file data_13.tsv (TSV, C-alpha atoms)
chain	number	residue	atom	x	y	z
W	1	MET	CA	12.11	-1.08	2.22
W	2	LYS	CA	12.63	2.42	0.91
W	3	LEU	CA	13.64	5.16	3.31
W	4	SER	CA	10.46	7.04	2.40
W	5	THR	CA	8.54	4.14	3.92
W	6	TYR	CA	10.83	4.23	6.96
W	7	ASN	CA	9.71	7.82	7.55
W	8	PHE	CA	6.13	6.68	8.18
W	9	LEU	CA	6.75	3.62	10.35
W	10	THR	CA	6.09	3.84	14.07
W	11	SER	CA	5.81	1.46	17.01
W	12	MET	CA	2.85	3.34	18.46
W	13	ALA	CA	0.61	0.27	18.25
W	14	ILE	CA	2.57	-1.27	21.15
W	15	LYS	CA	0.65	-0.94	24.40
W	16	GLY	CA	2.04	1.92	26.49
W	17	VAL	CA	4.12	3.46	23.71
W	18	LYS	CA	3.37	7.16	23.30
W	19	VAL	CA	5.11	8.29	20.12
W	20	GLY	CA	7.17	5.35	18.89
W	21	PHE	CA	9.02	7.50	16.37
W	22	PRO	CA	11.53	7.68	14.86
W	23	LEU	CA	12.45	4.03	15.01
W	24	LYS	CA	16.16	3.36	15.31
W	25	LEU	CA	17.24	2.11	11.90
W	26	THR	CA	20.04	-0.37	11.31
W	27	ILE	CA	20.97	-1.34	7.76
W	28	SER	CA	22.98	-4.52	7.28
W	29	LYS	CA	22.33	-5.00	3.56
W	30	LYS	CA	21.04	-2.53	1.01
W	31	GLU	CA	20.67	-2.29	-2.72
W	32	LEU	CA	20.61	0.73	-4.99
W	33	VAL	CA	17.70	0.95	-7.41
W	34	GLU	CA	16.95	3.54	-10.04
W	35	THR	CA	13.63	5.36	-10.13
W	36	GLU	CA	12.33	8.21	-12.23
W	37	PHE	CA	12.97	11.62	-10.66
W	38	ASN	CA	9.75	13.54	-10.22
W	39	PRO	CA	10.47	16.86	-8.43
W	40	THR	CA	6.77	17.63	-8.00
W	41	PHE	CA	6.25	14.34	-6.19
W	42	VAL	CA	9.16	14.97	-3.80
W	43	GLU	CA	7.82	18.45	-3.09
W	44	ARG	CA	4.33	17.12	-2.41
W	45	LEU	CA	5.68	14.43	-0.10
W	46	LEU	CA	7.93	16.76	1.90
W	47	PRO	CA	5.26	18.25	4.22
W	48	LYS	CA	4.30	14.70	5.22
W	49	LEU	CA	7.86	13.77	6.15
W	50	ASP	CA	9.65	14.26	9.42
W	51	TRP	CA	12.93	15.98	8.60
W	52	SER	CA	14.82	14.72	11.65
W	53	ALA	CA	13.97	11.16	10.57
W	54	VAL	CA	15.02	12.01	6.98
W	55	TYR	CA	18.35	13.27	8.30
W	56	GLY	CA	18.69	10.29	10.64
W	57	ALA	CA	18.12	7.91	7.73
W	58	ALA	CA	20.72	9.79	5.67
W	59	GLN	CA	23.28	9.26	8.42
W	60	VAL	CA	22.56	5.52	8.62
W	61	ALA	CA	22.70	5.27	4.81
W	62	GLU	CA	26.04	7.16	4.80
W	63	LEU	CA	24.59	10.05	2.82
W	64	ALA	CA	24.65	12.61	5.62
W	65	GLU	CA	26.77	15.06	3.62
W	66	ASP	CA	23.99	15.25	1.02
W	67	ILE	CA	21.24	16.24	3.45
W	68	PRO	CA	21.29	19.29	5.77
W	69	ALA	CA	20.58	18.59	9.44
W	70	VAL	CA	17.87	21.24	9.46
W	71	GLN	CA	15.25	21.53	6.72
W	72	PRO	CA	16.06	24.56	4.55
W	73	GLU	CA	13.22	27.03	4.25
W	74	SER	CA	12.98	26.84	0.51
W	75	ILE	CA	13.56	23.47	-1.09
W	76	VAL	CA	11.27	23.95	-4.06
W	77	ASP	CA	13.84	25.96	-6.02
W	78	ASN	CA	16.71	23.76	-4.95
W	79	GLU	CA	16.63	21.08	-7.62
W	80	GLN	CA	19.95	19.64	-6.51
W	81	LEU	CA	18.66	18.98	-3.01
W	82	LEU	CA	15.40	17.58	-4.39
W	83	GLN	CA	17.43	15.12	-6.43
W	84	LYS	CA	19.46	14.09	-3.40
W	85	LEU	CA	16.25	13.63	-1.43
W	86	HIS	CA	14.83	11.57	-4.27
W	87	HIS	CA	17.91	9.34	-4.18
W	88	LEU	CA	17.83	8.96	-0.40
W	89	LEU	CA	14.10	8.33	-0.13
W	90	PHE	CA	13.36	6.20	-3.18
W	91	GLU	CA	16.57	4.69	-4.50
W	92	ILE	CA	17.97	2.90	-1.47
W	93	ASP	CA	16.27	-0.39	-0.83
W	94	VAL	CA	17.02	-1.76	2.64
W	95	LEU	CA	17.14	-5.53	2.21
W	96	GLU	CA	18.26	-6.62	5.66
W	97	GLY	CA	18.30	-4.69	8.90
W	98	GLN	CA	16.09	-3.75	11.78
W	99	LEU	CA	13.95	-1.05	13.32
W	100	GLU	CA	14.02	-0.52	17.07
W	101	CYS	CA	11.25	1.06	19.13
W	102	PRO	CA	12.76	4.12	20.87
W	103	GLU	CA	10.64	3.56	23.97
W	104	THR	CA	10.61	-0.20	24.54
W	105	GLY	CA	13.56	-1.48	22.52
W	106	ARG	CA	11.26	-3.88	20.65
W	107	ILE	CA	12.98	-4.96	17.44
W	108	PHE	CA	11.16	-5.09	14.12
W	109	PRO	CA	13.24	-7.08	11.63
W	110	ILE	CA	13.64	-6.14	7.98
W	111	THR	CA	14.00	-9.33	5.95
W	112	ASP	CA	14.28	-9.59	2.16
W	113	GLY	CA	13.29	-5.94	1.92
W	114	ILE	CA	10.13	-6.24	4.03
W	115	PRO	CA	9.81	-4.64	7.46
W	116	ASN	CA	7.78	-6.85	9.78
W	117	MET	CA	5.70	-4.54	11.98
W	118	LEU	CA	3.37	-7.27	13.25
W	119	LEU	CA	2.92	-7.38	17.00
W	120	ASN	CA	2.03	-10.31	19.21
W	121	GLU	CA	-1.39	-10.24	20.84
W	122	ASP	CA	0.10	-9.57	24.27
W	123	GLU	CA	1.91	-6.46	22.99
W	124	VAL	CA	-1.13	-4.47	21.85
X	1	MET	CA	-5.10	8.98	-20.38
X	2	ALA	CA	-3.45	5.75	-19.35
X	3	ARG	CA	0.06	4.90	-20.46
X	4	LEU	CA	-0.83	1.27	-21.20
X	5	LYS	CA	-3.78	-0.10	-23.11
X	6	LEU	CA	-6.16	-2.17	-21.01
X	7	LYS	CA	-5.38	-5.34	-22.92
X	8	LYS	CA	-1.64	-4.92	-22.50
X	9	LEU	CA	-2.05	-4.22	-18.78
X	10	GLU	CA	-4.08	-7.40	-18.37
X	11	GLU	CA	-1.40	-9.39	-20.19
X	12	TYR	CA	1.25	-8.12	-17.76
X	13	LEU	CA	-0.95	-8.84	-14.76
X	14	GLN	CA	-1.39	-12.43	-15.87
X	15	CYS	CA	2.28	-12.90	-14.97
X	16	VAL	CA	1.67	-11.99	-11.33
X	17	ASP	CA	1.99	-15.08	-9.12
X	18	GLY	CA	-0.90	-15.78	-6.76
X	19	PHE	CA	-1.16	-17.48	-3.37
X	20	GLU	CA	0.51	-20.87	-3.14
X	21	LYS	CA	-1.66	-22.06	-0.27
X	22	PRO	CA	-4.51	-19.59	0.26
X	23	LYS	CA	-5.53	-19.21	3.90
X	24	ILE	CA	-9.23	-19.48	4.45
X	25	MET	CA	-9.35	-17.41	7.64
X	26	LEU	CA	-7.77	-14.47	5.82
X	27	GLU	CA	-10.11	-14.91	2.84
X	28	GLN	CA	-7.23	-14.95	0.43
X	29	TYR	CA	-8.98	-14.78	-2.90
X	30	PRO	CA	-6.66	-13.44	-5.57
X	31	THR	CA	-7.92	-10.49	-7.59
X	32	PRO	CA	-8.28	-11.90	-11.13
X	33	PRO	CA	-5.95	-10.14	-13.62
X	34	HIS	CA	-8.86	-9.05	-15.81
X	35	ILE	CA	-10.70	-7.38	-12.93
X	36	ALA	CA	-7.51	-5.80	-11.54
X	37	ALA	CA	-6.63	-4.42	-14.97
X	38	CYS	CA	-10.11	-2.95	-15.47
X	39	MET	CA	-10.02	-1.40	-12.01
X	40	VAL	CA	-6.69	0.40	-12.22
X	41	HIS	CA	-7.26	1.37	-15.84
X	42	HIS	CA	-10.51	3.03	-14.83
X	43	MET	CA	-8.81	4.87	-11.94
X	44	GLN	CA	-6.27	6.39	-14.29
X	45	ALA	CA	-8.29	6.89	-17.48
X	46	GLN	CA	-11.39	8.33	-15.80
X	47	HIS	CA	-10.02	10.09	-12.72
X	48	ASP	CA	-6.28	10.53	-13.15
X	49	ASP	CA	-5.82	8.91	-9.74
X	50	ILE	CA	-2.75	6.77	-10.51
X	51	GLU	CA	-0.05	8.38	-12.64
X	52	GLY	CA	2.47	10.31	-10.54
X	53	LYS	CA	0.53	9.48	-7.37
X	54	PHE	CA	1.35	7.95	-4.00
X	55	VAL	CA	-0.75	4.79	-3.86
X	56	GLY	CA	-1.49	2.56	-0.88
X	57	ASP	CA	-2.82	-0.98	-1.17
X	58	LEU	CA	-4.56	-2.39	1.91
X	59	GLY	CA	-4.46	-6.15	2.33
X	60	CYS	CA	-2.27	-6.24	-0.75
X	61	GLY	CA	-1.88	-10.01	-0.86
X	62	CYS	CA	0.40	-11.01	-3.73
X	63	GLY	CA	0.32	-7.50	-5.18
X	64	MET	CA	-2.08	-7.65	-8.11
X	65	LEU	CA	-3.50	-4.13	-7.55
X	66	SER	CA	-0.17	-2.63	-6.42
X	67	ILE	CA	1.52	-3.89	-9.55
X	68	GLY	CA	-1.35	-2.76	-11.77
X	69	ALA	CA	-1.16	0.74	-10.31
X	70	THR	CA	2.61	0.84	-10.69
X	71	LEU	CA	2.46	-0.31	-14.31
X	72	LEU	CA	0.10	2.60	-14.97
X	73	GLY	CA	2.61	5.06	-13.57
X	74	ALA	CA	2.07	5.37	-9.82
X	75	GLN	CA	5.15	7.20	-8.53
X	76	LEU	CA	5.33	5.22	-5.31
X	77	THR	CA	3.21	2.32	-4.08
X	78	VAL	CA	3.13	0.79	-0.60
X	79	GLY	CA	1.24	-2.42	0.12
X	80	PHE	CA	0.21	-3.55	3.60
X	81	GLU	CA	-0.34	-7.21	4.33
X	82	LEU	CA	-0.68	-9.35	7.44
X	83	ASP	CA	0.34	-12.68	5.97
X	84	GLY	CA	4.02	-13.56	5.77
X	85	ASP	CA	3.68	-15.95	2.82
X	86	ALA	CA	1.79	-13.33	0.81
X	87	VAL	CA	4.38	-10.59	1.42
X	88	ASP	CA	7.13	-12.91	0.18
X	89	ILE	CA	5.21	-13.59	-3.04
X	90	TYR	CA	4.47	-9.85	-3.36
X	91	ARG	CA	8.15	-9.05	-3.11
X	92	ASN	CA	9.07	-11.74	-5.66
X	93	ASN	CA	6.43	-10.49	-8.07
X	94	VAL	CA	7.68	-6.92	-7.78
X	95	GLN	CA	11.29	-7.98	-8.32
X	96	GLU	CA	10.53	-10.24	-11.25
X	97	MET	CA	8.65	-7.42	-12.95
X	98	GLU	CA	11.54	-5.07	-12.13
X	99	LEU	CA	9.39	-2.43	-10.47
X	100	PRO	CA	11.70	-0.41	-8.20
X	101	ASN	CA	9.10	1.94	-6.71
X	102	VAL	CA	6.93	-0.53	-4.81
X	103	ASP	CA	7.30	-1.33	-1.12
X	104	CYS	CA	5.58	-3.88	1.05
X	105	VAL	CA	5.09	-3.62	4.79
X	106	ARG	CA	3.99	-6.56	6.89
X	107	ALA	CA	1.46	-5.04	9.24
X	108	ASP	CA	-2.08	-5.27	10.54
X	109	VAL	CA	-4.15	-2.86	8.42
X	110	LEU	CA	-6.49	-2.25	11.35
X	111	GLN	CA	-3.60	-0.74	13.34
X	112	LEU	CA	-2.81	1.94	10.76
X	113	PRO	CA	-5.32	4.66	11.77
X	114	GLY	CA	-3.79	7.25	14.07
X	115	SER	CA	-0.30	6.45	12.75
X	116	LYS	CA	1.84	8.60	10.50
X	117	TRP	CA	0.24	6.92	7.47
X	118	GLU	CA	-2.91	8.94	8.01
X	119	LYS	CA	-3.71	11.31	5.11
X	120	THR	CA	-0.51	10.24	3.41
X	121	PHE	CA	-1.66	8.58	0.20
X	122	ASP	CA	-3.26	10.25	-2.79
X	123	THR	CA	-5.10	7.08	-3.68
X	124	ILE	CA	-5.93	3.92	-1.76
X	125	VAL	CA	-6.79	0.72	-3.59
X	126	MET	CA	-8.01	-2.49	-2.02
X	127	ASN	CA	-9.68	-5.79	-2.51
X	128	PRO	CA	-10.59	-6.34	1.12
X	129	PRO	CA	-11.65	-9.58	2.80
X	130	PHE	CA	-15.43	-9.60	2.25
X	131	GLY	CA	-16.04	-10.53	5.85
X	132	THR	CA	-17.83	-13.79	5.30
X	133	LYS	CA	-15.57	-16.16	7.19
X	134	HIS	CA	-16.03	-15.55	10.91
X	135	ASN	CA	-14.86	-11.95	10.49
X	136	ALA	CA	-18.10	-10.14	9.69
X	137	GLY	CA	-17.67	-6.51	8.74
X	138	MET	CA	-13.98	-6.82	7.92
X	139	ASP	CA	-14.44	-5.11	4.55
X	140	MET	CA	-16.04	-2.14	6.30
X	141	LYS	CA	-13.15	-1.90	8.76
X	142	PHE	CA	-10.74	-1.87	5.82
X	143	LEU	CA	-12.80	0.81	4.09
X	144	GLU	CA	-12.82	2.99	7.19
X	145	VAL	CA	-9.03	2.71	7.41
X	146	GLY	CA	-8.67	3.48	3.70
X	147	LEU	CA	-10.72	6.65	4.02
X	148	ARG	CA	-8.41	7.84	6.81
X	149	LEU	CA	-5.20	7.09	4.95
X	150	ALA	CA	-6.06	8.75	1.62
X	151	THR	CA	-6.50	12.38	0.64
X	152	GLY	CA	-7.99	11.92	-2.83
X	153	ALA	CA	-9.87	8.73	-3.53
X	154	VAL	CA	-10.39	5.19	-2.27
X	155	TYR	CA	-11.24	2.29	-4.57
X	156	SER	CA	-12.64	-0.90	-3.16
X	157	LEU	CA	-14.65	-4.04	-3.86
X	158	HIS	CA	-17.66	-5.04	-1.79
X	159	LYS	CA	-20.47	-7.54	-2.14
X	160	THR	CA	-23.41	-6.06	-4.04
X	161	SER	CA	-25.78	-7.24	-1.30
X	162	THR	CA	-24.28	-4.66	1.09
X	163	ARG	CA	-24.60	-1.67	-1.29
X	164	ALA	CA	-27.13	0.42	0.65
X	165	TYR	CA	-25.26	-0.08	3.92
X	166	ILE	CA	-21.96	0.95	2.36
X	167	GLN	CA	-23.53	4.07	0.86
X	168	LYS	CA	-24.82	5.09	4.28
X	169	LYS	CA	-21.64	4.32	6.24
X	170	SER	CA	-19.31	5.98	3.74
X	171	GLU	CA	-21.40	9.17	3.92
X	172	GLU	CA	-21.08	9.09	7.71
X	173	TRP	CA	-17.33	8.84	7.23
X	174	GLY	CA	-17.26	11.93	5.03
X	175	ALA	CA	-16.86	10.20	1.68
X	176	SER	CA	-18.90	10.50	-1.45
X	177	GLY	CA	-19.21	6.96	-2.78
X	178	SER	CA	-20.40	5.72	-6.12
X	179	VAL	CA	-20.57	2.30	-7.71
X	180	VAL	CA	-18.37	2.27	-10.79
X	181	ALA	CA	-19.29	-1.19	-12.00
X	182	GLU	CA	-21.04	-4.38	-11.05
X	183	LEU	CA	-18.78	-7.35	-11.41
X	184	ARG	CA	-19.32	-11.02	-11.58
X	185	TYR	CA	-16.43	-11.99	-9.42
X	186	ASN	CA	-15.25	-15.42	-10.27
X	187	ILE	CA	-13.76	-17.19	-7.30
X	188	GLU	CA	-11.95	-20.21	-8.53
X	189	ALA	CA	-12.05	-23.36	-6.47
X	190	SER	CA	-9.05	-22.35	-4.44
X	191	TYR	CA	-10.36	-23.79	-1.20
X	192	LYS	CA	-11.35	-27.37	-0.65
X	193	PHE	CA	-14.82	-26.59	0.63
X	194	HIS	CA	-15.80	-25.04	-2.67
X	195	LYS	CA	-17.65	-27.99	-4.09
X	196	ARG	CA	-18.36	-26.44	-7.43
X	197	GLN	CA	-15.45	-25.82	-9.70
X	198	SER	CA	-16.02	-22.10	-9.81
X	199	LYS	CA	-18.53	-19.78	-8.19
X	200	ASP	CA	-19.60	-16.33	-9.24
X	201	ILE	CA	-20.51	-13.74	-6.65
X	202	GLU	CA	-21.87	-10.28	-7.31
X	203	VAL	CA	-19.44	-7.57	-6.35
X	204	ASP	CA	-19.53	-3.79	-6.66
X	205	PHE	CA	-16.48	-1.81	-7.66
X	206	TRP	CA	-16.67	1.44	-5.66
X	207	ARG	CA	-14.99	4.79	-5.88
X	208	PHE	CA	-15.06	6.97	-2.77
X	209	ASP	CA	-14.17	10.59	-3.30
X	210	ILE	CA	-12.74	12.12	-0.14
X	211	SER	CA	-11.18	15.24	-1.62
X	212	GLY	CA	-13.92	17.25	0.11
X	213	LYS	CA	-13.28	15.68	3.52
X	214	ASP	CA	-11.74	17.94	6.21
call {"tool": "encode", "arguments": {"input": "data_13.tsv", "output": "structure tokens"}}
result
Amino acid sequence: MKLSTYNFLTSMAIKGVKVGFPLKLTISKKELVETEFNPTFVERLLPKLDWSAVYGAAQVAELAEDIPAVQPESIVDNEQLLQKLHHLLFEIDVLEGQLECPETGRIFPITDGIPNMLLNEDEV
Amino acid sequence: MARLKLKKLEEYLQCVDGFEKPKIMLEQYPTPPHIAACMVHHMQAQHDDIEGKFVGDLGCGCGMLSIGATLLGAQLTVGFELDGDAVDIYRNNVQEMELPNVDCVRADVLQLPGSKWEKTFDTIVMNPPFGTKHNAGMDMKFLEVGLRLATGAVYSLHKTSTRAYIQKKSEEWGASGSVVAELRYNIEASYKFHKRQSKDIEVDFWRFDISGKD
């Protein structure tokens, strides 16, 4: 699971959960992969991302020094930051770990790189 | 323009592993490599909907369409699939083909609307369950979700017999749909109740333009 994907995952499908975001991320095994840097793509994705969850993921991935805690006003001209975002969002593959619902504590396991967001019938 | 020729793309897609034990209740029919190749090639060559785009694949199964889109240059692809066996095969396929920019999430597609995935993808691709096995209308539910998740276009397969209904519903949902091609979809005898060796069904390949939707 890439950290870009993490930024979109919620536990809001659980009955009674209001926001269900951001999920508390734990990484126990990760792998670095290399993907083509496309600054336009990062820029286009940015408005859809939640910066606090981006920063939270950077802390868990031990890349917090690369990412400012608050989203800078202008990122478009900051190619260095775009590259760091690219690396954080697309080049870290979480192989094993878990996601925890902030409201209920429900754990969603990440196994072999796949987050399992399926809920039991009595949870929805 | 597409970065791979159609023939080459089909050759690559023939290496994608399919379901080991297809599950009848989930209507797990693999998308044949030839059809998948024609579909994604059309999306890129005719509409520029793949290269550099964020692509979502609903009910991605073993990843035939996800992988096709990625081979044609999708910047990032995320597949959603309910079935645990299918997601494992998807992941293996992606790793064997050394495609680093493809993710798979095990989730119920019908729970995605209203989540943060809404209006996230440029392009949604899908080969939905046709809704013939005790789950009538499932393809329409998938389509409705797809139209909410994409901002540009949704590509889908539906039985030709439902064409008029799909045209009407998709308009209600704010999409401008058109049938790209009529396919003879060959479903191999992957389930025991298929008495004949192979059965053709008539399927429409649709493109829904939602760039004009609010």
call {"tool": "residues_around", "arguments": {"input": "data_13.tsv", "residues": "range 3-9 of chain X", "least_positions_apart": "2", "cutoff": "8 Å", "atoms": "all atoms listed in the file", "output": "NGL selection string"}}
result
:X and (1 or 11-13 or 37-38 or 41 or 68 or 71-73)
call {"tool": "closest_residue", "arguments": {"input": "data_13.tsv", "among": "X:Gly114, X:Ala74, X:Arg106, X:Ala69", "to": "Met39 in chain X", "atoms": "only C-alpha atoms"}}
result
X:Ala69
call {"tool": "closest_residue", "arguments": {"input": "data_13.tsv", "among": "X:Ser211, X:Gln75, X:Gln28, X:Gln14", "to": "Arg44 in chain W", "atoms": "all atoms listed in the file"}}
result
X:Gln75
call {"tool": "interface_residues", "arguments": {"input": "data_13.tsv", "of": "chain W", "to": "chain X", "cutoff": "9 Å", "atoms": "only C-alpha atoms", "output": "number ranges by chain"}}
result
W: 1-2, 5, 7-13, 33-36, 38, 40-41, 45, 48, 90-91, 93, 112-119
call {"tool": "residues_around", "arguments": {"input": "data_13.tsv", "residues": "Leu88 in chain W", "least_positions_apart": "4", "cutoff": "10 Å", "atoms": "all atoms listed in the file", "output": "list in words"}}
result
Lys2, Leu3, Ser4, Leu32, Val54, Tyr55, Ala57, Ala58, Ala61, Glu62, Leu63, Ala64, Asp66, Ile67, Leu82, Gln83, Lys84, Ile92 and Asp93 of chain W
call {"tool": "residues_around", "arguments": {"input": "data_13.tsv", "residues": "Arg163 in chain X", "least_positions_apart": "6", "cutoff": "12 Å", "atoms": "all atoms listed in the file", "output": "VMD selection string"}}
result
chain X and resid 140 157 169 to 170 177 to 179 181 to 182 202 to 206
call {"tool": "closest_residue", "arguments": {"input": "data_13.tsv", "among": "W:Val60, W:Glu65, W:His86, W:Glu123", "to": "Thr26 in chain W", "atoms": "all atoms listed in the file"}}
result
W:Val60
call {"tool": "atom_distance", "arguments": {"input": "data_13.tsv", "atom1": "CA of Asn93 in chain X", "atom2": "CA of Asp17 in chain X"}}
result
6.5 Å
call {"tool": "atom_distance", "arguments": {"input": "data_13.tsv", "atom1": "CA of Pro128 in chain X", "atom2": "CA of Ser156 in chain X"}}
result
7.2 Å
